[in-house]
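Structure below is run_36.cif: mmCIF, C-alpha atoms and all ligand atoms.
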```
data_coords
loop_
_atom_site.group_PDB
_atom_site.id
_atom_site.type_symbol
_atom_site.label_atom_id
_atom_site.label_comp_id
_atom_site.auth_asym_id
_atom_site.auth_seq_id
_atom_site.Cartn_x
_atom_site.Cartn_y
_atom_site.Cartn_z
ATOM 1 C CA MET W 1 -42.429 81.951 -29.151
ATOM 2 C CA ASN W 2 -46.005 81.450 -28.024
ATOM 3 C CA THR W 3 -49.126 81.771 -30.146
ATOM 4 C CA SER W 4 -50.018 85.310 -29.012
ATOM 5 C CA GLU W 5 -46.515 86.551 -29.819
ATOM 6 C CA LEU W 6 -46.912 85.039 -33.249
ATOM 7 C CA SER W 7 -50.181 86.825 -33.936
ATOM 8 C CA GLY W 8 -50.102 89.749 -31.500
ATOM 9 C CA LYS W 9 -53.850 89.124 -30.986
ATOM 10 C CA THR W 10 -56.111 87.487 -28.415
ATOM 11 C CA VAL W 11 -55.874 83.717 -28.454
ATOM 12 C CA VAL W 12 -58.904 81.642 -27.431
ATOM 13 C CA GLY W 13 -57.917 78.813 -25.060
ATOM 14 C CA ILE W 14 -60.176 75.751 -25.010
ATOM 15 C CA PHE W 15 -59.909 72.648 -22.869
ATOM 16 C CA ASP W 16 -61.644 69.393 -22.060
ATOM 17 C CA SER W 17 -60.737 66.037 -20.546
ATOM 18 C CA GLY W 18 -60.359 64.783 -24.127
ATOM 19 C CA VAL W 19 -61.970 65.084 -27.536
ATOM 20 C CA GLY W 20 -65.398 66.165 -26.244
ATOM 21 C CA GLY W 21 -64.482 69.841 -26.364
ATOM 22 C CA LEU W 22 -64.060 69.509 -30.121
ATOM 23 C CA SER W 23 -67.875 69.607 -30.300
ATOM 24 C CA VAL W 24 -67.565 73.141 -28.907
ATOM 25 C CA TRP W 25 -64.445 74.018 -30.915
ATOM 26 C CA ARG W 26 -66.265 73.240 -34.197
ATOM 27 C CA GLU W 27 -68.821 75.925 -33.274
ATOM 28 C CA LEU W 28 -66.164 78.368 -32.036
ATOM 29 C CA ILE W 29 -64.256 78.334 -35.333
ATOM 30 C CA LYS W 30 -67.501 79.201 -37.128
ATOM 31 C CA ALA W 31 -68.482 81.970 -34.696
ATOM 32 C CA ILE W 32 -64.983 83.431 -34.233
ATOM 33 C CA PRO W 33 -63.061 82.838 -37.452
ATOM 34 C CA GLY W 34 -60.483 85.622 -36.992
ATOM 35 C CA ASN W 35 -58.821 84.619 -33.692
ATOM 36 C CA ARG W 36 -56.187 81.998 -33.117
ATOM 37 C CA MET W 37 -57.081 79.143 -30.767
ATOM 38 C CA VAL W 38 -55.238 76.634 -28.602
ATOM 39 C CA TYR W 39 -57.043 73.409 -27.676
ATOM 40 C CA VAL W 40 -55.926 71.131 -24.845
ATOM 41 C CA SER W 41 -57.176 67.572 -24.519
ATOM 42 C CA ASP W 42 -56.253 66.543 -20.970
ATOM 43 C CA ASN W 43 -56.722 62.922 -21.929
ATOM 44 C CA ALA W 44 -54.069 61.493 -19.613
ATOM 45 C CA TYR W 45 -56.587 62.327 -16.869
ATOM 46 C CA SER W 46 -59.810 61.358 -18.690
ATOM 47 C CA PRO W 47 -62.521 60.837 -17.620
ATOM 48 C CA TYR W 48 -62.910 63.743 -15.202
ATOM 49 C CA GLY W 49 -66.478 62.692 -14.272
ATOM 50 C CA PRO W 50 -65.743 60.209 -11.498
ATOM 51 C CA ARG W 51 -62.833 62.215 -10.010
ATOM 52 C CA PRO W 52 -63.152 64.204 -6.786
ATOM 53 C CA GLN W 53 -63.668 67.935 -7.244
ATOM 54 C CA SER W 54 -60.224 68.767 -5.795
ATOM 55 C CA GLU W 55 -58.504 66.734 -8.521
ATOM 56 C CA ILE W 56 -60.531 68.321 -11.299
ATOM 57 C CA ILE W 57 -59.632 71.771 -9.939
ATOM 58 C CA GLU W 58 -55.958 70.769 -9.916
ATOM 59 C CA ARG W 59 -56.135 69.722 -13.572
ATOM 60 C CA ALA W 60 -58.126 72.824 -14.575
ATOM 61 C CA VAL W 61 -55.496 75.049 -12.940
ATOM 62 C CA ALA W 62 -52.597 73.208 -14.632
ATOM 63 C CA VAL W 63 -54.233 73.433 -18.057
ATOM 64 C CA THR W 64 -55.206 77.084 -17.526
ATOM 65 C CA GLU W 65 -51.581 77.973 -16.633
ATOM 66 C CA PHE W 66 -50.468 76.269 -19.832
ATOM 67 C CA LEU W 67 -53.098 78.024 -21.979
ATOM 68 C CA ILE W 68 -52.156 81.412 -20.533
ATOM 69 C CA SER W 69 -48.488 80.668 -21.244
ATOM 70 C CA GLU W 70 -49.584 80.013 -24.828
ATOM 71 C CA GLY W 71 -51.179 83.448 -24.966
ATOM 72 C CA ALA W 72 -54.825 82.717 -24.129
ATOM 73 C CA GLY W 73 -56.741 85.912 -23.312
ATOM 74 C CA ILE W 74 -60.041 84.098 -22.834
ATOM 75 C CA ILE W 75 -60.667 80.458 -21.918
ATOM 76 C CA VAL W 76 -63.631 78.311 -22.905
ATOM 77 C CA ILE W 77 -63.993 75.406 -20.489
ATOM 78 C CA ALA W 78 -65.415 73.027 -23.096
ATOM 79 C CA CYS W 79 -66.319 70.474 -20.437
ATOM 80 C CA ASN W 80 -69.432 70.480 -18.262
ATOM 81 C CA THR W 81 -67.707 68.544 -15.495
ATOM 82 C CA ALA W 82 -64.700 70.881 -15.281
ATOM 83 C CA THR W 83 -67.024 73.886 -15.399
ATOM 84 C CA ALA W 84 -69.065 72.529 -12.504
ATOM 85 C CA ALA W 85 -65.978 71.763 -10.429
ATOM 86 C CA ALA W 86 -63.612 74.598 -11.218
ATOM 87 C CA ILE W 87 -65.023 77.708 -12.911
ATOM 88 C CA ASP W 88 -65.502 79.640 -9.656
ATOM 89 C CA VAL W 89 -61.904 78.939 -8.581
ATOM 90 C CA LEU W 90 -60.500 79.861 -12.000
ATOM 91 C CA ARG W 91 -62.448 83.125 -12.126
ATOM 92 C CA LEU W 92 -61.144 84.116 -8.705
ATOM 93 C CA ARG W 93 -57.585 83.199 -9.521
ATOM 94 C CA TYR W 94 -57.105 84.570 -13.046
ATOM 95 C CA ASP W 95 -57.832 87.928 -14.484
ATOM 96 C CA ILE W 96 -59.168 86.770 -17.859
ATOM 97 C CA PRO W 97 -62.720 85.814 -18.860
ATOM 98 C CA PHE W 98 -63.801 82.172 -18.584
ATOM 99 C CA VAL W 99 -66.772 80.777 -20.483
ATOM 100 C CA GLY W 100 -68.224 77.566 -19.110
ATOM 101 C CA MET W 101 -70.611 74.855 -20.222
ATOM 102 C CA GLU W 102 -73.994 74.355 -18.679
ATOM 103 C CA PRO W 103 -76.425 71.597 -19.692
ATOM 104 C CA ALA W 104 -79.074 73.176 -21.928
ATOM 105 C CA VAL W 105 -81.921 72.571 -19.483
ATOM 106 C CA LYS W 106 -83.429 76.001 -20.065
ATOM 107 C CA PRO W 107 -84.212 75.733 -23.819
ATOM 108 C CA ALA W 108 -85.244 72.087 -23.439
ATOM 109 C CA ALA W 109 -87.647 72.872 -20.568
ATOM 110 C CA LEU W 110 -89.095 75.887 -22.369
ATOM 111 C CA LEU W 111 -89.675 74.024 -25.622
ATOM 112 C CA SER W 112 -90.891 70.731 -24.192
ATOM 113 C CA LYS W 113 -94.500 69.974 -25.050
ATOM 114 C CA THR W 114 -94.685 66.880 -22.865
ATOM 115 C CA LYS W 115 -93.113 68.858 -19.999
ATOM 116 C CA THR W 116 -90.663 65.999 -19.638
ATOM 117 C CA ILE W 117 -86.992 66.210 -20.603
ATOM 118 C CA GLY W 118 -84.058 63.847 -20.323
ATOM 119 C CA VAL W 119 -80.595 64.964 -19.245
ATOM 120 C CA LEU W 120 -77.542 62.813 -19.903
ATOM 121 C CA ALA W 121 -74.438 64.046 -18.068
ATOM 122 C CA THR W 122 -71.602 62.980 -15.778
ATOM 123 C CA LYS W 123 -71.935 62.527 -12.037
ATOM 124 C CA GLY W 124 -69.787 65.611 -11.457
ATOM 125 C CA THR W 125 -72.091 67.770 -13.563
ATOM 126 C CA PHE W 126 -75.247 66.570 -11.792
ATOM 127 C CA MET W 127 -73.666 67.325 -8.433
ATOM 128 C CA GLY W 128 -72.649 70.864 -9.416
ATOM 129 C CA ARG W 129 -74.196 74.030 -8.047
ATOM 130 C CA LEU W 130 -74.691 75.411 -11.567
ATOM 131 C CA TYR W 131 -76.810 72.502 -12.772
ATOM 132 C CA ASN W 132 -78.963 72.511 -9.673
ATOM 133 C CA SER W 133 -79.571 76.249 -9.748
ATOM 134 C CA THR W 134 -80.476 75.977 -13.463
ATOM 135 C CA LEU W 135 -83.031 73.298 -12.582
ATOM 136 C CA ARG W 136 -84.561 75.488 -9.910
ATOM 137 C CA ARG W 137 -84.700 78.529 -12.178
ATOM 138 C CA PHE W 138 -85.867 77.018 -15.419
ATOM 139 C CA ALA W 139 -87.300 73.550 -14.892
ATOM 140 C CA THR W 140 -89.934 74.075 -12.244
ATOM 141 C CA GLY W 141 -93.004 72.103 -13.299
ATOM 142 C CA VAL W 142 -90.980 70.024 -15.751
ATOM 143 C CA ARG W 143 -90.164 66.380 -15.126
ATOM 144 C CA VAL W 144 -86.418 65.853 -15.542
ATOM 145 C CA VAL W 145 -85.192 62.295 -16.143
ATOM 146 C CA GLU W 146 -81.497 62.340 -15.230
ATOM 147 C CA LYS W 147 -79.056 59.650 -16.318
ATOM 148 C CA VAL W 148 -75.337 59.480 -15.562
ATOM 149 C CA GLY W 149 -73.620 58.409 -18.782
ATOM 150 C CA THR W 150 -71.124 56.065 -17.109
ATOM 151 C CA GLY W 151 -68.704 54.630 -19.666
ATOM 152 C CA LEU W 152 -69.662 56.945 -22.537
ATOM 153 C CA VAL W 153 -66.658 59.290 -22.283
ATOM 154 C CA ASP W 154 -64.316 56.284 -22.532
ATOM 155 C CA ILE W 155 -66.238 55.036 -25.550
ATOM 156 C CA VAL W 156 -65.861 58.348 -27.376
ATOM 157 C CA GLU W 157 -62.215 58.680 -26.291
ATOM 158 C CA SER W 158 -61.393 55.289 -27.728
ATOM 159 C CA GLY W 159 -63.348 55.770 -30.962
ATOM 160 C CA ARG W 160 -65.855 52.964 -30.204
ATOM 161 C CA VAL W 161 -69.041 54.942 -30.838
ATOM 162 C CA ASP W 162 -70.592 52.193 -32.995
ATOM 163 C CA SER W 163 -69.560 49.277 -30.788
ATOM 164 C CA ALA W 164 -72.060 46.858 -29.236
ATOM 165 C CA GLU W 165 -71.103 48.209 -25.799
ATOM 166 C CA SER W 166 -71.861 51.763 -26.892
ATOM 167 C CA ILE W 167 -75.325 50.831 -28.170
ATOM 168 C CA ARG W 168 -76.044 48.731 -25.079
ATOM 169 C CA LEU W 169 -75.152 51.594 -22.713
ATOM 170 C CA LEU W 170 -77.085 54.156 -24.731
ATOM 171 C CA GLU W 171 -80.156 51.897 -24.737
ATOM 172 C CA ARG W 172 -79.867 51.654 -20.964
ATOM 173 C CA TYR W 173 -79.645 55.442 -20.498
ATOM 174 C CA ILE W 174 -81.989 56.691 -23.244
ATOM 175 C CA ARG W 175 -84.832 54.123 -23.053
ATOM 176 C CA PRO W 176 -86.074 55.259 -19.575
ATOM 177 C CA MET W 177 -86.192 58.861 -20.846
ATOM 178 C CA ILE W 178 -88.366 57.792 -23.783
ATOM 179 C CA ASN W 179 -90.556 55.594 -21.592
ATOM 180 C CA ARG W 180 -91.287 58.508 -19.287
ATOM 181 C CA GLY W 181 -92.300 60.742 -22.202
ATOM 182 C CA ALA W 182 -89.270 62.976 -22.747
ATOM 183 C CA ASP W 183 -89.447 64.962 -25.984
ATOM 184 C CA HIS W 184 -86.036 66.657 -25.524
ATOM 185 C CA ILE W 185 -82.766 65.059 -24.473
ATOM 186 C CA VAL W 186 -80.071 67.407 -23.240
ATOM 187 C CA LEU W 187 -76.536 66.331 -24.108
ATOM 188 C CA GLY W 188 -74.951 67.457 -20.849
ATOM 189 C CA CYS W 189 -71.386 66.414 -21.623
ATOM 190 C CA THR W 190 -69.386 67.722 -24.561
ATOM 191 C CA HIS W 191 -68.419 64.171 -25.567
ATOM 192 C CA TYR W 192 -72.033 63.157 -26.201
ATOM 193 C CA PRO W 193 -72.653 65.077 -29.465
ATOM 194 C CA PHE W 194 -70.214 62.564 -30.975
ATOM 195 C CA LEU W 195 -72.819 59.916 -30.086
ATOM 196 C CA SER W 196 -75.739 61.899 -31.549
ATOM 197 C CA GLU W 197 -76.306 59.557 -34.451
ATOM 198 C CA GLN W 198 -76.434 56.517 -32.179
ATOM 199 C CA ILE W 199 -78.686 58.306 -29.666
ATOM 200 C CA ALA W 200 -81.008 59.523 -32.432
ATOM 201 C CA LYS W 201 -81.422 55.956 -33.713
ATOM 202 C CA ILE W 202 -82.707 54.900 -30.306
ATOM 203 C CA ALA W 203 -84.720 58.044 -29.596
ATOM 204 C CA GLY W 204 -86.388 58.303 -33.017
ATOM 205 C CA PRO W 205 -87.254 61.382 -35.051
ATOM 206 C CA ASP W 206 -89.690 62.961 -32.596
ATOM 207 C CA ILE W 207 -87.225 63.514 -29.778
ATOM 208 C CA LYS W 208 -84.942 66.508 -30.098
ATOM 209 C CA LEU W 209 -81.334 66.288 -28.947
ATOM 210 C CA VAL W 210 -80.077 69.528 -27.447
ATOM 211 C CA ASP W 211 -76.405 70.422 -27.703
ATOM 212 C CA PRO W 212 -75.428 73.662 -25.937
ATOM 213 C CA ALA W 213 -72.291 74.217 -28.070
ATOM 214 C CA PRO W 214 -73.736 76.744 -30.576
ATOM 215 C CA ALA W 215 -75.080 78.884 -27.710
ATOM 216 C CA VAL W 216 -71.721 78.721 -25.912
ATOM 217 C CA ALA W 217 -69.893 79.790 -29.083
ATOM 218 C CA LYS W 218 -72.310 82.701 -29.520
ATOM 219 C CA HIS W 219 -71.844 83.720 -25.888
ATOM 220 C CA THR W 220 -68.042 83.593 -26.301
ATOM 221 C CA TYR W 221 -68.317 85.803 -29.387
ATOM 222 C CA GLU W 222 -70.445 88.319 -27.458
ATOM 223 C CA ILE W 223 -68.001 88.502 -24.534
ATOM 224 C CA MET W 224 -65.099 88.978 -26.926
ATOM 225 C CA GLU W 225 -66.933 91.652 -28.862
ATOM 226 C CA GLU W 226 -67.837 93.521 -25.677
ATOM 227 C CA ARG W 227 -64.219 93.480 -24.502
ATOM 228 C CA GLY W 228 -62.689 94.307 -27.854
ATOM 229 C CA LEU W 229 -60.960 90.919 -28.124
ATOM 230 C CA LEU W 230 -62.181 89.920 -31.583
ATOM 231 C CA CYS W 231 -59.739 89.889 -34.475
ATOM 232 C CA HIS W 232 -60.986 90.251 -37.985
ATOM 233 C CA ASP W 233 -57.949 88.744 -39.684
ATOM 234 C CA SER W 234 -58.505 86.139 -42.309
ATOM 235 C CA ILE W 235 -56.786 83.068 -40.939
ATOM 236 C CA ASP W 236 -56.459 79.836 -42.858
ATOM 237 C CA GLN W 237 -58.710 77.457 -40.885
ATOM 238 C CA LEU W 238 -55.980 74.854 -40.857
ATOM 239 C CA GLN W 239 -53.585 77.282 -39.196
ATOM 240 C CA GLN W 240 -56.125 78.675 -36.758
ATOM 241 C CA THR W 241 -55.850 76.113 -33.966
ATOM 242 C CA ARG W 242 -52.932 74.445 -32.231
ATOM 243 C CA PHE W 243 -53.855 71.182 -30.515
ATOM 244 C CA PHE W 244 -52.167 69.800 -27.418
ATOM 245 C CA CYS W 245 -52.819 66.670 -25.416
ATOM 246 C CA THR W 246 -51.478 65.152 -22.224
ATOM 247 C CA GLY W 247 -51.974 61.539 -23.405
ATOM 248 C CA SER W 248 -52.069 59.895 -26.824
ATOM 249 C CA PRO W 249 -52.890 62.182 -29.774
ATOM 250 C CA GLN W 250 -54.488 59.409 -31.871
ATOM 251 C CA ASN W 251 -58.157 59.948 -31.115
ATOM 252 C CA LEU W 252 -57.806 63.724 -30.966
ATOM 253 C CA LEU W 253 -56.404 63.581 -34.475
ATOM 254 C CA ARG W 254 -59.141 61.245 -35.694
ATOM 255 C CA VAL W 255 -62.034 63.272 -34.242
ATOM 256 C CA ALA W 256 -60.571 66.661 -35.205
ATOM 257 C CA ARG W 257 -60.246 65.377 -38.769
ATOM 258 C CA THR W 258 -63.944 64.545 -38.913
ATOM 259 C CA ILE W 259 -64.428 68.301 -38.464
ATOM 260 C CA LEU W 260 -61.500 69.604 -40.554
ATOM 261 C CA PRO W 261 -60.448 66.702 -42.779
ATOM 262 C CA SER W 262 -57.165 68.150 -43.979
ATOM 263 C CA LEU W 263 -55.566 68.637 -40.541
ATOM 264 C CA ASP W 264 -52.186 66.963 -40.476
ATOM 265 C CA GLU W 265 -50.311 65.361 -37.620
ATOM 266 C CA GLY W 266 -48.011 68.364 -37.317
ATOM 267 C CA PHE W 267 -50.813 70.260 -35.560
ATOM 268 C CA PHE W 268 -50.850 67.888 -32.581
ATOM 269 C CA GLU W 269 -48.359 68.553 -29.797
ATOM 270 C CA ARG W 270 -47.763 67.322 -26.239
ATOM 271 C CA MET W 271 -48.600 69.513 -23.297
ATOM 272 C CA GLU W 272 -45.648 68.829 -21.001
HETATM 273 N N1 LIG W 301 -66.522 66.427 -21.893
HETATM 274 C C1 LIG W 301 -66.627 66.316 -20.468
HETATM 275 C C2 LIG W 301 -67.927 66.971 -20.001
HETATM 276 O O1 LIG W 301 -68.480 67.775 -20.733
HETATM 277 C C3 LIG W 301 -66.369 64.909 -20.085
HETATM 278 C C4 LIG W 301 -66.212 64.694 -18.656
HETATM 279 C C5 LIG W 301 -65.360 63.522 -18.276
HETATM 280 O O2 LIG W 301 -64.191 63.512 -18.659
HETATM 281 O O3 LIG W 301 -65.884 62.684 -17.565
HETATM 282 O O4 LIG W 301 -68.422 66.735 -18.934
#
```
Take the structure from the file and write it as structure tokens.
Amino acid sequence: MNTSELSGKTVVGIFDSGVGGLSVWRELIKAIPGNRMVYVSDNAYSPYGPRPQSEIIERAVAVTEFLISEGAGIIVIACNTATAAAIDVLRLRYDIPFVGMEPAVKPAALLSKTKTIGVLATKGTFMGRLYNSTLRRFATGVRVVEKVGTGLVDIVESGRVDSAESIRLLERYIRPMINRGADHIVLGCTHYPFLSEQIAKIAGPDIKLVDPAPAVAKHTYEIMEERGLLCHDSIDQLQQTRFFCTGSPQNLLRVARTILPSLDEGFFERME
């Protein structure tokens, strides 16, 4: 029996190349407390960032098929890279709404006093049509210091956020943004909010880190409300989400527990 048959209500599907999407999931469970959710960490294929677009599309399609088979009536692509590579294909192919991630360039550019912002994202995200059209629409007249966060997804996936390598890489990516006067740093990959503390230590108190997850959760809520997909059941938070992964569940379990400490191992299943 799949999750929608269990509840008879719209299930929210969420996926990422790993644990990064949990930074979006933690906002979704606050914004949409009455719907069941299924989260897929496609960590056997992480990181997506350096992969060719065709491979990312292949993975996005496989995970989407799985989420739909688990009853998903709406899918949040909790990954900037997968959104950039695959959202157009998914929207054409499936008749359910998809919500994607987009680096929060717009609020950062609007709020910047120095008219300089930093964006940390994967190569795939920087190459995407969405990111580049957002730049054209909202960042004209703003200096944008872009850095590809090579190695950071692996660091978060392996739970090494405080390691010397993590700090060394962050110094390398964040320092040039500070030196050029950025007063906002956009976290353009859903893994990076799990490095916020380490980034903030380098950036200092005057630079604001911008995470698009709350806005994405709000947008998902609005789409669901408009389409009559919201449930108002009271669901025990621990029962609300089923977690699947294609690789090892260890880090998914560890990171998910930093958000909901009493999750037990029984909630983590393999996506076959
Ligand atoms: N969380 C993904 C994103 O937002 C990570 C991409 C990757 O796996 O490289 O872009």
Write out as JSON an axis-aligned box for ligand LIG 301 (chain W): all of its atoms listed in the file, 6 Å added on each side, centre and edge lengths in Å with one decimal.
```
{"center_x": -66.3, "center_y": 65.2, "center_z": -19.7, "size_x": 16.3, "size_y": 17.1, "size_z": 16.3}
```
Checklist entry - Nearest to ligand LIG 301 (chain W) among W:Thr190, W:Ser23, W:Asn179, W:Gln239, with distances taken over all atoms listed in the file: which residue is it? => result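 Comparing W:Thr190, W:Ser23, W:Asn179, W:Gln239 against ligand LIG 301 (chain W), the winner is W:Thr190.
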Next on the checklist: To check your reading of the model: which residues sit at most 7 Å from ligand LIG 301 (chain W) when counting only C-alpha atoms and all ligand atoms? Write the answer as a PyMOL selection string.
Outcome noted: chain W and resi 16-18+20-21+46-50+78-82+121-122+125+153+188-191
Output of the above residues as a compact mmCIF listing (two decimals), in the frame of the given file, restricted to C-alpha atoms:
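Listing of out19.txt after writing:
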```txt
# COMPACT_ATOMS: atom_id res chain seq x y z
CA ASP W 16 -61.64 69.39 -22.06
CA SER W 17 -60.74 66.04 -20.55
CA GLY W 18 -60.36 64.78 -24.13
CA GLY W 20 -65.40 66.17 -26.24
CA GLY W 21 -64.48 69.84 -26.36
CA SER W 46 -59.81 61.36 -18.69
CA PRO W 47 -62.52 60.84 -17.62
CA TYR W 48 -62.91 63.74 -15.20
CA GLY W 49 -66.48 62.69 -14.27
CA PRO W 50 -65.74 60.21 -11.50
CA ALA W 78 -65.42 73.03 -23.10
CA CYS W 79 -66.32 70.47 -20.44
CA ASN W 80 -69.43 70.48 -18.26
CA THR W 81 -67.71 68.54 -15.50
CA ALA W 82 -64.70 70.88 -15.28
CA ALA W 121 -74.44 64.05 -18.07
CA THR W 122 -71.60 62.98 -15.78
CA THR W 125 -72.09 67.77 -13.56
CA VAL W 153 -66.66 59.29 -22.28
CA GLY W 188 -74.95 67.46 -20.85
CA CYS W 189 -71.39 66.41 -21.62
CA THR W 190 -69.39 67.72 -24.56
CA HIS W 191 -68.42 64.17 -25.57
```
Checklist entry - range 68-76 of chain W: which residues within 10 Å, counting all atoms listed in the file, same-chain residues fewer than 5 positions away excluded, as a PyMOL selection string? => result chain W and resi 1-16+21+24-25+28+36-39+63+83+90+94-101+216-217+220+223-224+229+242
Expansion of the PyMOL selection byres (((chain W and resi 106) around 12) and not hetatm) into residues, as a compact mmCIF listing (two decimals) with C-alpha atoms, in the coordinates of the input:
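What ended up in part10.txt:
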```txt
# COMPACT_ATOMS: atom_id res chain seq x y z
CA GLU W 102 -73.99 74.36 -18.68
CA PRO W 103 -76.42 71.60 -19.69
CA ALA W 104 -79.07 73.18 -21.93
CA VAL W 105 -81.92 72.57 -19.48
CA PRO W 107 -84.21 75.73 -23.82
CA ALA W 108 -85.24 72.09 -23.44
CA ALA W 109 -87.65 72.87 -20.57
CA LEU W 110 -89.10 75.89 -22.37
CA LEU W 111 -89.68 74.02 -25.62
CA SER W 112 -90.89 70.73 -24.19
CA ILE W 117 -86.99 66.21 -20.60
CA VAL W 119 -80.60 64.96 -19.24
CA TYR W 131 -76.81 72.50 -12.77
CA ASN W 132 -78.96 72.51 -9.67
CA SER W 133 -79.57 76.25 -9.75
CA THR W 134 -80.48 75.98 -13.46
CA LEU W 135 -83.03 73.30 -12.58
CA ARG W 136 -84.56 75.49 -9.91
CA ARG W 137 -84.70 78.53 -12.18
CA PHE W 138 -85.87 77.02 -15.42
CA ALA W 139 -87.30 73.55 -14.89
CA THR W 140 -89.93 74.08 -12.24
CA VAL W 142 -90.98 70.02 -15.75
CA VAL W 144 -86.42 65.85 -15.54
CA HIS W 184 -86.04 66.66 -25.52
CA ILE W 185 -82.77 65.06 -24.47
CA VAL W 186 -80.07 67.41 -23.24
CA VAL W 210 -80.08 69.53 -27.45
CA ASP W 211 -76.40 70.42 -27.70
CA PRO W 212 -75.43 73.66 -25.94
CA ALA W 215 -75.08 78.88 -27.71
```
Next on the checklist: Since I can't run it myself right now, could you work out what the PyMOL selection byres (((chain W and resi 174) around 9) and not hetatm) selects here and report it as number ranges by chain?
Outcome noted: W: 118, 120, 147, 169-173, 175-179, 185, 199, 202-203
Selected residues written out with C-alpha atoms, as a PDB file, in the coordinates of the input:
```
ATOM      1  CA  GLY W 118     -84.058  63.847 -20.323  1.00  0.00           C
ATOM      2  CA  LEU W 120     -77.542  62.813 -19.903  1.00  0.00           C
ATOM      3  CA  LYS W 147     -79.056  59.650 -16.318  1.00  0.00           C
ATOM      4  CA  LEU W 169     -75.152  51.594 -22.713  1.00  0.00           C
ATOM      5  CA  LEU W 170     -77.085  54.156 -24.731  1.00  0.00           C
ATOM      6  CA  GLU W 171     -80.156  51.897 -24.737  1.00  0.00           C
ATOM      7  CA  ARG W 172     -79.867  51.654 -20.964  1.00  0.00           C
ATOM      8  CA  TYR W 173     -79.645  55.442 -20.498  1.00  0.00           C
ATOM      9  CA  ARG W 175     -84.832  54.123 -23.053  1.00  0.00           C
ATOM     10  CA  PRO W 176     -86.074  55.259 -19.575  1.00  0.00           C
ATOM     11  CA  MET W 177     -86.192  58.861 -20.846  1.00  0.00           C
ATOM     12  CA  ILE W 178     -88.366  57.792 -23.783  1.00  0.00           C
ATOM     13  CA  ASN W 179     -90.556  55.594 -21.592  1.00  0.00           C
ATOM     14  CA  ILE W 185     -82.766  65.059 -24.473  1.00  0.00           C
ATOM     15  CA  ILE W 199     -78.686  58.306 -29.666  1.00  0.00           C
ATOM     16  CA  ILE W 202     -82.707  54.900 -30.306  1.00  0.00           C
ATOM     17  CA  ALA W 203     -84.720  58.044 -29.596  1.00  0.00           C
TER      18      ALA W 203
END
```
Next on the checklist: Just checking: using all atoms listed in the file, which residue out of W:Glu226, W:Glu197, W:Glu146, W:Glu157 ends up closest to Ser248 in chain W?
Outcome noted: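 The answer is W:Glu157, which sits nearest to Ser248 in chain W.
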Checklist entry - To one decimal place, how far is CA of Val40 in chain W from CA of Phe244 in chain W in Å? => result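 We find that CA of Val40 in chain W and CA of Phe244 in chain W lie 4.7 Å from each other.
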Checklist entry - Mind telling me what the PyMOL selection byres (((chain W and resi 61) around 12) and not hetatm) catches here, as a ChimeraX atom specification? => result /W:15,42,54-60,62-68,75,77,82-83,85-94
Checklist entry - Mind pulling up the distance from CA of His219 in chain W to CA of Val255 in chain W? => result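 According to the coordinates, CA of Val255 in chain W and CA of His219 in chain W are separated by 24.2 Å.
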Checklist entry - Leaving out Gly247 in chain W and any residue of its chain fewer than 6 positions from it, which residues lie within 8 Å of it when counting only C-alpha atoms, given as a list of chain:residue names? => result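 That gives W:Asp42, W:Asn43, W:Ala44, W:Arg270.
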Next on the checklist: Please report the interatomic distance between CA of Glu27 in chain W and CA of Asp162 in chain W in Å with one decimal.
Outcome noted: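 Here the two named atoms are 23.8 Å from each other.
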Next on the checklist: From the options W:Leu238, W:Ile259, W:Ile29, W:Ile167, which residue's atoms come nearest to Gly151 in chain W, counting all atoms listed in the file?
Outcome noted: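 The closest residue to Gly151 in chain W is W:Ile167.
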Checklist entry - Nearest to Val145 in chain W among W:Arg51, W:Lys201, W:Lys115, W:Arg254, with distances taken over only C-alpha atoms: which residue is it? => result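 Smallest separation from Val145 in chain W among the options: W:Lys115.
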Checklist entry - With distances taken over all atoms listed in the file, which of W:Cys245, W:Leu187, W:Leu253, W:Ala182 is nearest to Tyr45 in chain W? => result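 Closest candidate: W:Cys245.
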Checklist entry - So which residues fall inside 7 Å of (-45.5, 67.1, -21.1) if we count all atoms listed in the file? Mind giving them as a list in words? => result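 It turns out the residues near that spot are Thr246, Arg270, Met271 and Glu272 of chain W.
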Checklist entry - Nearest to Asn35 in chain W among W:Met127, W:Ala84, W:Cys231, W:Val156, with distances taken over all atoms listed in the file: which residue is it? => result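 Of all the options, W:Cys231 lies closest to Asn35 in chain W.
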